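Participant: So that we are looking at the same thing, I have put the structure below in structure tokens.
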Amino acid sequence: FTTDSLSQPAKYCIFQLCLLRVYCLLFTRRTMQEFISVQLPDVKRELRRGIIECSKRGLLHSTKWLAELHHGLSDVEIDNAPPDDDHSFSECQLEGIAPSEYSDYFLAKSYYDVREYDRAAHAVRNCESSVPRFLHLYSTYMAKEKRRLDSTTDQANLNEPNQMRDLADLLATLRAAYGRSRLDGYGIYLYGVVLKALNLNQAAEQMLVNAIRLVPMLWSAYLELSPLIMEKKKLLSLQLGTHWMRHFFMAHTYLELYLNDDGLKIYEDLQTAGFSKSIYLTAQMALVYHNKRDVDKAIELFQALLENDPCRLDNVDTYSNLLFVKEMKTEMAQLAHKAVSINKYRPETCCVIGNYYSIRCDHQVAISYFQRALKLNPKYLAAWTLMGHEFMELKNTNAAIQSYRKAVEVNKRDYRAWYGLGQAYEIIKMHYYSLYYFKIAHQLRPYDSRMLVALGETYEKLDKCENAVKCYFKACDVGDIEGIAMYKLANLHEKLGDQETAVHCYLMYCADERAATDKQSLYQGFMTLANYYEKKGDYEQSAYYAYKCLDSDERRTEAKALLKTIDWKRNAEWQKKSKTNATTVANADTSSEDDMECDQLDVRVRVPFSSISDAAKGNSAPVASSTASTTTLAANVEETTATSSCSTSSSTTTTTTTTTPNTADEETAAPAAAAAAAAAGAVAVATPAAAEAAAESTATANNDGSSMDISSVSID
């Protein structure tokens, strides 16, 4: 509002946006206050019951997640309940199982726990109660999924139609059961999972939402629903009820959408609400800072997480990526050894080892470990993306493209895979392809300057300079991560001939501390500024930037040449200035000389009175005496002239033009002419008799063939 360049309508719009932001913050705070009002003992009881229900049905990941959250509420006391409540709580462990089906259920559950899914499904094939029925259907699904993954090779498509045919029978069974209303919330969840596996996303979304409303503690349903949400508006429109579990889902989905600030705000409020000891929240906040590229804070949270739970392998691959960015080789080696000692057959462990070999530039070994991770879990997203990076390091563009495409199949919201595809096609000079993939990456990460810079470079290669300028400018506006957007913008303006804008951009780029990391670009900016100021005549600034380029081996010769040019121009300008100053002083001292020049012809030499009296006394003397007198007058004239010349030697120039006719005796003509001039002056001042004598003397001199013309005499 203090900027005068903004118009009143613009200021009004900004004010309205600020009010809207305040209203949104107040609404969010009110919503979180409603959540905070939930009683933690009730939350802990719900978690305990959810753990039992998920464990009975073999939903291991949900059970693990709920147990970790339950452990974070260890300070909340609920174990002092009356005996009746404890009795009812123990009975819920067998709720949903008919007494006549206990033996079949226990047998099937034991098979399921050791991953013998076909035997588990067969053991409870005739059961009718809800829990054994779900275990039969879920074991059937897990058996088909296991066969599909075992038959999947590295070159196969993860979603090939022939690999999905086995799910058709299961889908028909679930559809029929759902039509007869024989599916509870857990069965509807399985129905949604099968629909999603067959790429029937709209129906899957509806089924998963129904399952969440029926069973709000089923965390696996939230995880399956999250990848189907592609924008924030759709997330806010979901009808998930008012259960407190939806806040965890909202925060998780915000992270998947890379809305990191929104997710971080919810996690901070959840910690304030009483979940501060939850290791899940600590891990998620570390992921938030990882996405925000706050590497130091993310590493700090991961270190605290490993101190509290030293055997945890979840998200350890992300921690390894952070150590890779910071080039902490020792810590990466220690982490790899620790992961191998815990479980060397976990995909996360293979990923950590692959990162360790990658930082050692042993890319082929790194690829082998990423492939091992994919054999353990073909849908392991991080391994596909990192393996694509390794192929790019080996200049194997085709293999890199294949890896990135597999990563996109696993998760279409992985901007790293889309960005990698754009880079791969850029290397093989298929710029329109790279433009397409960079645009998708930018849509997923609209405030990531790296996507904008990549788009700008591609537009520049396609000669779409206006679009490139917009991309570079927006990259600077959202916060340039790598610090090169301003340099790209300056270089592009320089190519377009907009020198003033280019210089302004170079000044901003050189003032950025991050520019020191790219010495080549920095010295190019210095050299451009030095040449610009040299052309403008600002030699001080030009020399300042030129001296900075002396530290560069590539720019040193050019900088020295420019400094020599600046020195030569400075000397020439100084000499010119000195001459101008001397001429100015001379013109100031002789400003009246031009006015006097017109009167110089009428000036008569003033002779001392003693000479005049001597001339008068000798008036009656013969011509010889007159000649002698003339000689004396000439001497006096020379003396007077010399005195006048000495007094005006600093600024006055005495010019005498002497025209000598063709004669052989110049030495005789000069004294005669001087004597004639002196005699003429003396006669004019003295008496008529002296004037006659001077005239005769002048005539005699002229008869001898010499003459003298005094054009001007300057007198101070």
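Residues are named by chain letter and number: chains run A, B, ... in the order of the structure tokens, numbers start at 1 in each chain, and ligands are numbered from 1 in the order shown.
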Running DSSP on the backbone, which parts of region 216-321 of chain A land in helix (DSSP H, G or I), as JSON, numbers by chain?

Facilitator: {"A": [219, 220, 221, 222, 223, 224, 225, 226, 227, 228, 232, 233, 234, 235, 236, 237, 245, 246, 247, 248, 249, 250, 251, 252, 253, 254, 255, 256, 260, 261, 262, 263, 264, 265, 266, 267, 268, 269, 270, 271, 272, 273, 274, 275, 279, 280, 281, 282, 283, 284, 285, 286, 287, 288, 289, 290, 291, 295, 296, 297, 298, 299, 300, 301, 302, 303, 304, 305, 306, 307, 308, 316, 317, 318, 319, 320, 321]}

Participant: Using Å and a single decimal, report how far CA of Leu198 (chain A) sits from CA of His122 (chain A).

Facilitator: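 One can read the CA of His122 (chain A) to CA of Leu198 (chain A) distance as 24.3 Å.
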
Participant: For region 480-489 of chain A, find every residue with an atom within 9 Å (counting only C-alpha atoms), except residues of its own chain fewer than 4 positions away, and show them as a PyMOL selection string.

Facilitator: chain A and resi 293+448-450+452-453+456-457+468-469+471-476+493-494+502+505-506+508-510+512-515+518+521-522+525

Participant: Using N, CA and C atoms, can you write the selected residues to a file as a short mmCIF file (atom, residue, chain, number, x, y, z; two decimals), in the first residue's frame?

Facilitator:
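Everything below was put into result-v5.cif:
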data_model
loop_
_atom_site.label_atom_id
_atom_site.label_comp_id
_atom_site.auth_asym_id
_atom_site.auth_seq_id
_atom_site.Cartn_x
_atom_site.Cartn_y
_atom_site.Cartn_z
N ARG A 293 11.83 -28.58 0.55
CA ARG A 293 13.28 -28.46 0.33
C ARG A 293 13.99 -27.79 1.51
N ASP A 448 6.95 -24.59 -8.05
CA ASP A 448 8.33 -25.08 -8.08
C ASP A 448 9.05 -24.40 -9.23
N SER A 449 10.06 -23.61 -8.91
CA SER A 449 10.75 -22.83 -9.94
C SER A 449 11.51 -23.72 -10.92
N ARG A 450 11.88 -24.93 -10.51
CA ARG A 450 12.62 -25.81 -11.42
C ARG A 450 11.76 -26.21 -12.61
N LEU A 452 9.36 -24.37 -13.86
CA LEU A 452 9.21 -23.16 -14.68
C LEU A 452 10.47 -22.88 -15.49
N VAL A 453 11.63 -23.08 -14.89
CA VAL A 453 12.88 -22.86 -15.62
C VAL A 453 13.01 -23.87 -16.76
N GLY A 456 10.80 -22.71 -19.47
CA GLY A 456 11.39 -21.56 -20.15
C GLY A 456 12.50 -21.95 -21.10
N GLU A 457 13.35 -22.88 -20.68
CA GLU A 457 14.43 -23.33 -21.56
C GLU A 457 13.87 -24.02 -22.80
N ALA A 468 8.96 -17.95 -22.91
CA ALA A 468 10.14 -18.21 -22.08
C ALA A 468 10.33 -17.10 -21.06
N VAL A 469 10.15 -15.84 -21.48
CA VAL A 469 10.29 -14.72 -20.55
C VAL A 469 9.27 -14.83 -19.42
N CYS A 471 7.90 -17.55 -18.24
CA CYS A 471 8.28 -18.65 -17.35
C CYS A 471 9.41 -18.24 -16.42
N TYR A 472 10.44 -17.59 -16.96
CA TYR A 472 11.56 -17.17 -16.13
C TYR A 472 11.11 -16.14 -15.09
N PHE A 473 10.26 -15.23 -15.52
CA PHE A 473 9.80 -14.19 -14.59
C PHE A 473 8.97 -14.81 -13.46
N LYS A 474 8.12 -15.78 -13.80
CA LYS A 474 7.32 -16.42 -12.76
C LYS A 474 8.20 -17.25 -11.83
N ALA A 475 9.25 -17.85 -12.39
CA ALA A 475 10.17 -18.62 -11.55
C ALA A 475 10.83 -17.71 -10.51
N CYS A 476 11.18 -16.51 -10.92
CA CYS A 476 11.75 -15.55 -9.97
C CYS A 476 10.70 -15.11 -8.96
N HIS A 493 17.02 -11.68 -22.54
CA HIS A 493 16.83 -10.27 -22.92
C HIS A 493 18.03 -9.76 -23.72
N GLU A 494 19.21 -10.25 -23.37
CA GLU A 494 20.40 -9.83 -24.12
C GLU A 494 20.34 -10.34 -25.55
N ALA A 502 18.29 -6.42 -19.76
CA ALA A 502 19.30 -7.46 -19.49
C ALA A 502 20.27 -7.01 -18.41
N CYS A 505 18.62 -7.21 -15.03
CA CYS A 505 18.56 -8.60 -14.57
C CYS A 505 19.92 -9.11 -14.13
N TYR A 506 20.95 -8.75 -14.86
CA TYR A 506 22.30 -9.16 -14.47
C TYR A 506 22.70 -8.57 -13.12
N MET A 508 20.69 -7.85 -10.65
CA MET A 508 19.98 -8.61 -9.63
C MET A 508 20.59 -10.00 -9.46
N TYR A 509 21.00 -10.60 -10.56
CA TYR A 509 21.60 -11.94 -10.48
C TYR A 509 22.93 -11.90 -9.75
N CYS A 510 23.78 -10.94 -10.10
CA CYS A 510 25.10 -10.85 -9.47
C CYS A 510 25.01 -10.49 -8.00
N ASP A 512 22.81 -11.72 -6.01
CA ASP A 512 22.31 -12.90 -5.30
C ASP A 512 23.48 -13.75 -4.83
N GLU A 513 23.46 -14.14 -3.57
CA GLU A 513 24.56 -14.93 -3.02
C GLU A 513 24.65 -16.32 -3.67
N ARG A 514 23.51 -16.84 -4.10
CA ARG A 514 23.52 -18.18 -4.71
C ARG A 514 24.21 -18.20 -6.05
N ALA A 515 24.41 -17.01 -6.66
CA ALA A 515 25.08 -16.96 -7.96
C ALA A 515 26.55 -17.38 -7.86
N ASP A 518 27.64 -20.87 -9.33
CA ASP A 518 27.83 -21.05 -10.77
C ASP A 518 28.80 -19.96 -11.25
N SER A 521 28.51 -18.58 -15.08
CA SER A 521 27.42 -17.63 -15.31
C SER A 521 27.67 -16.31 -14.61
N LEU A 522 28.25 -16.40 -13.41
CA LEU A 522 28.52 -15.17 -12.66
C LEU A 522 29.52 -14.29 -13.39
N GLY A 525 28.01 -12.60 -16.32
CA GLY A 525 27.26 -11.42 -15.91
C GLY A 525 28.16 -10.24 -15.62
#

Participant: Would you mind listing what lies within 8 Å of Lys109 (chain A) as a compact mmCIF listing (two decimals) with all heavy atoms, in the first residue's frame, with only C-alpha atoms counted and same-chain residues fewer than 5 positions away left out?

Facilitator:
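Saved result, part_39.txt, follows:
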# COMPACT_ATOMS: atom_id res chain seq x y z
N GLY A 58 -7.19 -59.36 9.01
CA GLY A 58 -5.92 -59.46 8.30
C GLY A 58 -5.48 -58.17 7.61
O GLY A 58 -4.62 -58.22 6.72
N ALA A 120 -5.86 -70.16 3.07
CA ALA A 120 -6.73 -69.39 3.96
C ALA A 120 -8.11 -69.20 3.33
O ALA A 120 -9.15 -69.36 4.00
CB ALA A 120 -6.09 -68.04 4.27
N LEU A 135 -12.56 -62.45 5.33
CA LEU A 135 -11.24 -63.07 5.24
C LEU A 135 -11.14 -63.96 4.00
O LEU A 135 -10.08 -64.01 3.35
CB LEU A 135 -10.97 -63.88 6.51
CG LEU A 135 -9.57 -64.49 6.63
CD1 LEU A 135 -8.50 -63.40 6.62
CD2 LEU A 135 -9.47 -65.33 7.91
